[in-house]
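Colleague: What follows is a structure written as structure tokens; I'll ask about it next.
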Amino acid sequence: MGGMTRRERPVLVYDGDCGFCTASVRFLERRVPVDAEVVAFQFTDLAALGTTSERAEHEVLWVDRAGRVSGGAEAIGRLLTAAGGLWRVPGVAMRTPPVSWLAHAVYRLVANNRQRMPGGTAACMLPAAQRPGARG
């Protein structure tokens with residue numbers, strides 16, 4: 001069932017075991033006025049959202065009201081666009097070439113090095129199943 005179920009609110013899915021990811025999401029929650037459900041992938045039914053744990057481990061995900069799943073820099077761009085107001089400008093820019101290409105490259109650089117970022121730990125670079133305290 002490809003996840004195309006109509007939702008009341010969009011969903012932001014992040015890695016709840018990653019300190020850097022969690023701090024980044026908390027920053028967004030405080031600063032960006034978007035009406036979305038924010039969940040760690042470890043505590044949600046990913047299949048019901050139309051995605052997989054492999055994808056959720058790889059990048060932040062945005063599931064819009066129509067059930068479309070976006071990941072990485074595009075997910076952040078869609079979140080900012082959904083926030084409206086002045087947030088819409090960088091949100092649209094992040095999803096439009098050539099800015100989208102740069103946004104993707106920066107996102108991958110940060111995501112691939114999140115264990116080195118503030119709040120990150122060595123556990124951030126392990127697959128979720130191998131992390132200390134992993135939930136099965």
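By convention here, the chains of the structure tokens are called A, B, ... in the order presented, each chain's residues are numbered starting at 1, and ligands are numbered starting at 1 in the order presented.
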Give me, as number ranges by chain, all polymer residues having an atom no more than 12 Å from A:Thr22, counting only C-alpha atoms and skipping those fewer than 4 positions away in the same chain.
Modeller: A: 12-18, 26-29, 38-41, 60, 114, 117-121, 124
Colleague: Restricting the output to N, CA, C and O atoms, write the selected residues as a compact mmCIF listing (two decimals), in the first residue's frame.
Modeller:
# COMPACT_ATOMS: atom_id res chain seq x y z
N LEU A 12 7.16 14.46 10.40
CA LEU A 12 8.62 14.54 10.28
C LEU A 12 9.18 13.35 11.05
O LEU A 12 8.91 13.19 12.24
N VAL A 13 9.95 12.51 10.36
CA VAL A 13 10.52 11.30 10.96
C VAL A 13 12.04 11.49 11.03
O VAL A 13 12.67 11.81 10.03
N TYR A 14 12.60 11.28 12.22
CA TYR A 14 14.04 11.46 12.41
C TYR A 14 14.61 10.31 13.22
O TYR A 14 13.87 9.47 13.74
N ASP A 15 15.93 10.28 13.34
CA ASP A 15 16.62 9.23 14.08
C ASP A 15 16.71 9.64 15.55
O ASP A 15 17.53 10.47 15.93
N GLY A 16 15.86 9.05 16.38
CA GLY A 16 15.81 9.39 17.79
C GLY A 16 16.99 8.90 18.60
O GLY A 16 17.16 9.30 19.75
N ASP A 17 17.83 8.03 18.03
CA ASP A 17 19.01 7.56 18.74
C ASP A 17 20.22 8.46 18.48
O ASP A 17 21.26 8.27 19.11
N CYS A 18 20.11 9.39 17.57
CA CYS A 18 21.22 10.28 17.21
C CYS A 18 21.06 11.61 17.95
O CYS A 18 20.06 12.31 17.76
N ARG A 26 14.70 19.37 17.67
CA ARG A 26 14.24 20.25 18.76
C ARG A 26 14.41 21.71 18.37
O ARG A 26 13.55 22.55 18.67
N PHE A 27 15.51 22.04 17.69
CA PHE A 27 15.74 23.40 17.21
C PHE A 27 14.63 23.79 16.23
O PHE A 27 14.05 24.88 16.34
N LEU A 28 14.33 22.92 15.28
CA LEU A 28 13.26 23.19 14.31
C LEU A 28 11.92 23.38 15.01
O LEU A 28 11.16 24.28 14.67
N GLU A 29 11.63 22.52 15.99
CA GLU A 29 10.36 22.63 16.72
C GLU A 29 10.22 23.98 17.42
O GLU A 29 9.12 24.55 17.48
N VAL A 38 5.96 15.07 14.90
CA VAL A 38 7.40 14.83 14.87
C VAL A 38 7.65 13.54 15.64
O VAL A 38 7.32 13.45 16.82
N VAL A 39 8.23 12.53 14.96
CA VAL A 39 8.42 11.23 15.59
C VAL A 39 9.80 10.66 15.26
O VAL A 39 10.30 10.82 14.15
N ALA A 40 10.37 9.98 16.25
CA ALA A 40 11.59 9.21 16.01
C ALA A 40 11.19 7.94 15.26
O ALA A 40 10.17 7.32 15.58
N PHE A 41 11.97 7.56 14.27
CA PHE A 41 11.58 6.39 13.47
C PHE A 41 11.52 5.12 14.31
O PHE A 41 10.79 4.20 13.99
N VAL A 60 16.44 12.13 7.24
CA VAL A 60 15.21 12.62 7.83
C VAL A 60 14.12 12.50 6.76
O VAL A 60 14.41 12.62 5.56
N ARG A 114 27.50 12.94 11.01
CA ARG A 114 26.72 13.40 12.16
C ARG A 114 27.34 13.00 13.49
O ARG A 114 27.13 13.67 14.49
N MET A 117 29.31 15.90 14.66
CA MET A 117 28.60 17.16 14.87
C MET A 117 28.29 17.34 16.35
O MET A 117 28.29 16.38 17.11
N PRO A 118 28.01 18.59 16.77
CA PRO A 118 27.66 18.81 18.18
C PRO A 118 26.48 17.93 18.59
O PRO A 118 25.46 17.88 17.89
N GLY A 119 26.64 17.20 19.67
CA GLY A 119 25.58 16.30 20.15
C GLY A 119 25.68 14.91 19.56
O GLY A 119 25.04 13.99 20.04
N GLY A 120 26.47 14.76 18.51
CA GLY A 120 26.63 13.45 17.89
C GLY A 120 27.52 12.55 18.72
O GLY A 120 28.35 13.02 19.49
N THR A 121 27.35 11.26 18.57
CA THR A 121 28.19 10.28 19.27
C THR A 121 28.62 9.23 18.27
O THR A 121 28.09 9.16 17.15
N CYS A 124 25.99 7.25 16.45
CA CYS A 124 25.26 7.82 15.31
C CYS A 124 25.67 7.17 13.99
O CYS A 124 24.89 7.14 13.05
Colleague: Set the distance at 6 Å and use only C-alpha atoms: which residues neighbour A:Trp62 once local chain neighbours fewer than 6 positions away are removed? I'd like the list as a ChimeraX atom specification.
Modeller: /A:11-12,69-70,75
Colleague: Here is a test: counting only C-alpha atoms, which residue of A:Thr96, A:Gln115, A:Thr81, A:Thr51 is nearest to A:Asp35?
Modeller: A:Thr81
Colleague: Can you list every residue in stretch 11-68 of chain A that DSSP puts in helix (DSSP H, G or I), as a PyMOL selection string?
Modeller: chain A and resi 19-31+41-43+46-49+53-58
Colleague: Step one, run DSSP on the backbone; step two, keep only residues of chain A assigned to strand (DSSP E or B); then write them as a PyMOL selection string.
Modeller: chain A and resi 11-14+37-40+61-63+69-71
